[in-house]
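Participant: What follows is a single structure, and I will ask about it in a moment.
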Amino acid sequence: AEYALDADFDGFPGNVRMQSRLVLADTIGVLLAASREKSVGIALRTAPDYRAGRCTIIGHRTGADPVQAAFVNGIGGHDIELDDTHSSGRNHAAAVLVPAALAAAEEAGGRTGNQLLEALVAAYDVQIRVSKAMGSQRQGDRGFHPTAVCGPIGAAVVSAKLLGLSLRELQSAIALAASQSSGLLTYEDDSSHMVKSFHTGIAAQSGVQATLLARNGYRGAPDVLAGRHDILKPFGGTSADSGRLVDELGQRYEICHTSLKRHACCGQTHSAVDLVLEMRARPGFDWTAIRSIDIQLAHEAVPIIDGNPLWTHNIQYVAAVAVRE
């Protein structure tokens with residue numbers, strides 16, 4: 001919490017400042033592209049009256065309160081599978097953090113672009129370290145979606161910094177957000193992608209809601225990250241390591257270790273897609289002559305994308321589309 005509140009944009013290395021701009025711009029583009037998707041439309045129709053709010057729903061001429069805006073934009077951040085991917089943290093952090101940051105900045109009013117970016121960088125560092133402390137892979141092994149588990153905490157950090165919370169208020173916001181962590185891997189059985197998109201919407205919403213509660217005096221547990229009943233063990237098991245929460249904090253900026261997607265599908269499929277597209281570009285290529293394609297994957301990637309009912313995570317489907325389209 002102290003690190004997040006003290007983070008200063010001018011104190012970041014140049015590559016960190018540049019990467020934060022790229023991530024923000026990329027994610028706003030994703031939100032705009034997703035603004036006409038079915039999931040976003042349902043969320044808009046289902047939520048309470050939006051007209052009175054000051055916060056923007058990207059791509060729509062309507063206002064919202066910050067919690068609603070974070071939720072709808074959070075759905076859009078993940079819905080078309082073009083969000084960023086932090087491989088070692090197993091998180092799509094920008095899909096959660098940027099919607100939360102935009103909502104909080106508009107709610108606060110008078111915030112500069114650099115203030116938004118410094119909050120984004122700090123929240124990345126917190127969210128990804130929480131995931132690593134739990135064990136990025138272990139969360140999935142236990143049936144949880146790491147982005148949905150760690151996203152509420154990151155969203156609380158980014159919104160609390162922009163809304164000007166005190167140290168104690170931010171600690172409460174983190175604790176309240178952590179109590180809303182969830183997200184099951186059942187999304188892999190949902191061909192519509194709506195469950196997966198719901199995860200990032202709920203994570204952004206939960207973080208902003210926790211921050212607003214904390215700002216108004218709602219208290220949270222004093223230490224949800226390394227206390228007696230911390231969040232790490234339920235999602236990470238007995239091998240969770242709280243020491244990783246502060247490992248290289250202020251030296252390694254996690255936003256610089258996230259990847260921006262070129263293809264609207266799971267990042268585990270991208271190497272294969274790139275090779276197929278390279279093959280297609282060769283003179284004389286005839287896709288109709290192909291009868292089968294052999295693809296080698298990292299062991300941990302196989303269960304995620306082999307024959308998955310979720311089309312964006314189905315390597316057989318994605319490779320076939322890349323060959324023909």
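Chain labels follow the order of the structure tokens: the first chain is A, the next B, and so on; residue numbering restarts at 1 in every chain, and ligands are counted from 1 in their shown order.
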Near range 266-280 of chain A, within 10 Å and counting only C-alpha atoms, which residues show up once chain neighbours fewer than 4 positions away are dropped, as a VMD selection string?
Facilitator: chain A and resid 81 to 87 259 to 262 284 to 287 293 to 298 300 to 302 304 to 306 310 to 316 318 to 325
Participant: Find the residues near Ala119 in chain A: any atom within 8 Å, counting only C-alpha atoms, skip ones fewer than 6 places away on the same chain, and give them as a short mmCIF file (atom, residue, chain, number, x, y, z; two decimals) with C-alpha atoms, in the first residue's frame.
Facilitator:
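See selection_32.cif below for the written result:
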data_model
loop_
_atom_site.label_atom_id
_atom_site.label_comp_id
_atom_site.auth_asym_id
_atom_site.auth_seq_id
_atom_site.Cartn_x
_atom_site.Cartn_y
_atom_site.Cartn_z
CA ALA A 4 1.42 2.21 -4.45
CA ALA A 7 4.65 5.70 -6.85
CA ALA A 101 -8.64 3.49 -13.55
CA VAL A 157 -5.11 -0.13 -5.81
CA VAL A 158 -5.50 1.75 -9.09
CA SER A 159 -8.79 3.37 -8.07
CA LYS A 161 -4.58 6.01 -5.79
CA LEU A 162 -6.63 8.08 -8.22
#
Participant: Can you list, as a PyMOL selection string, every residue of range 10-217 of chain A that DSSP puts in strand (DSSP E or B)?
Facilitator: chain A and resi 55-56+63-64+85-86+91+144+184
Participant: Would you list the contacts of Tyr187 in chain A as a list in words, taking every protein, DNA or RNA residue within 8 Å and counting only C-alpha atoms, but skipping same-chain residues closer than 4 positions in sequence?
Facilitator: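 The filter keeps His193, Met194, Val195, Lys196 and Leu310 of chain A.
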Participant: CA of Val98 in chain A and CA of Leu213 in chain A are how many Å apart?
Facilitator: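 Straight-line distance from CA of Val98 in chain A to CA of Leu213 in chain A works out to 20.0 Å.
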Participant: Would you please work out which residue, of A:Ala47, A:Ala240, A:Val67, A:Val126, is nearest to Ala210 in chain A when using only C-alpha atoms?
Facilitator: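 Using only C-alpha atoms, the shortest distance to Ala210 in chain A belongs to A:Val67.
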Participant: Considering only C-alpha atoms, return as a ChimeraX atom specification whatever protein or nucleic-acid residues lie within 12 Å of Thr56 in chain A, sequence-local ones (same chain, fewer than 4 positions apart) excluded.
Facilitator: /A:28,31-32,35,50-52,60-73,99-107
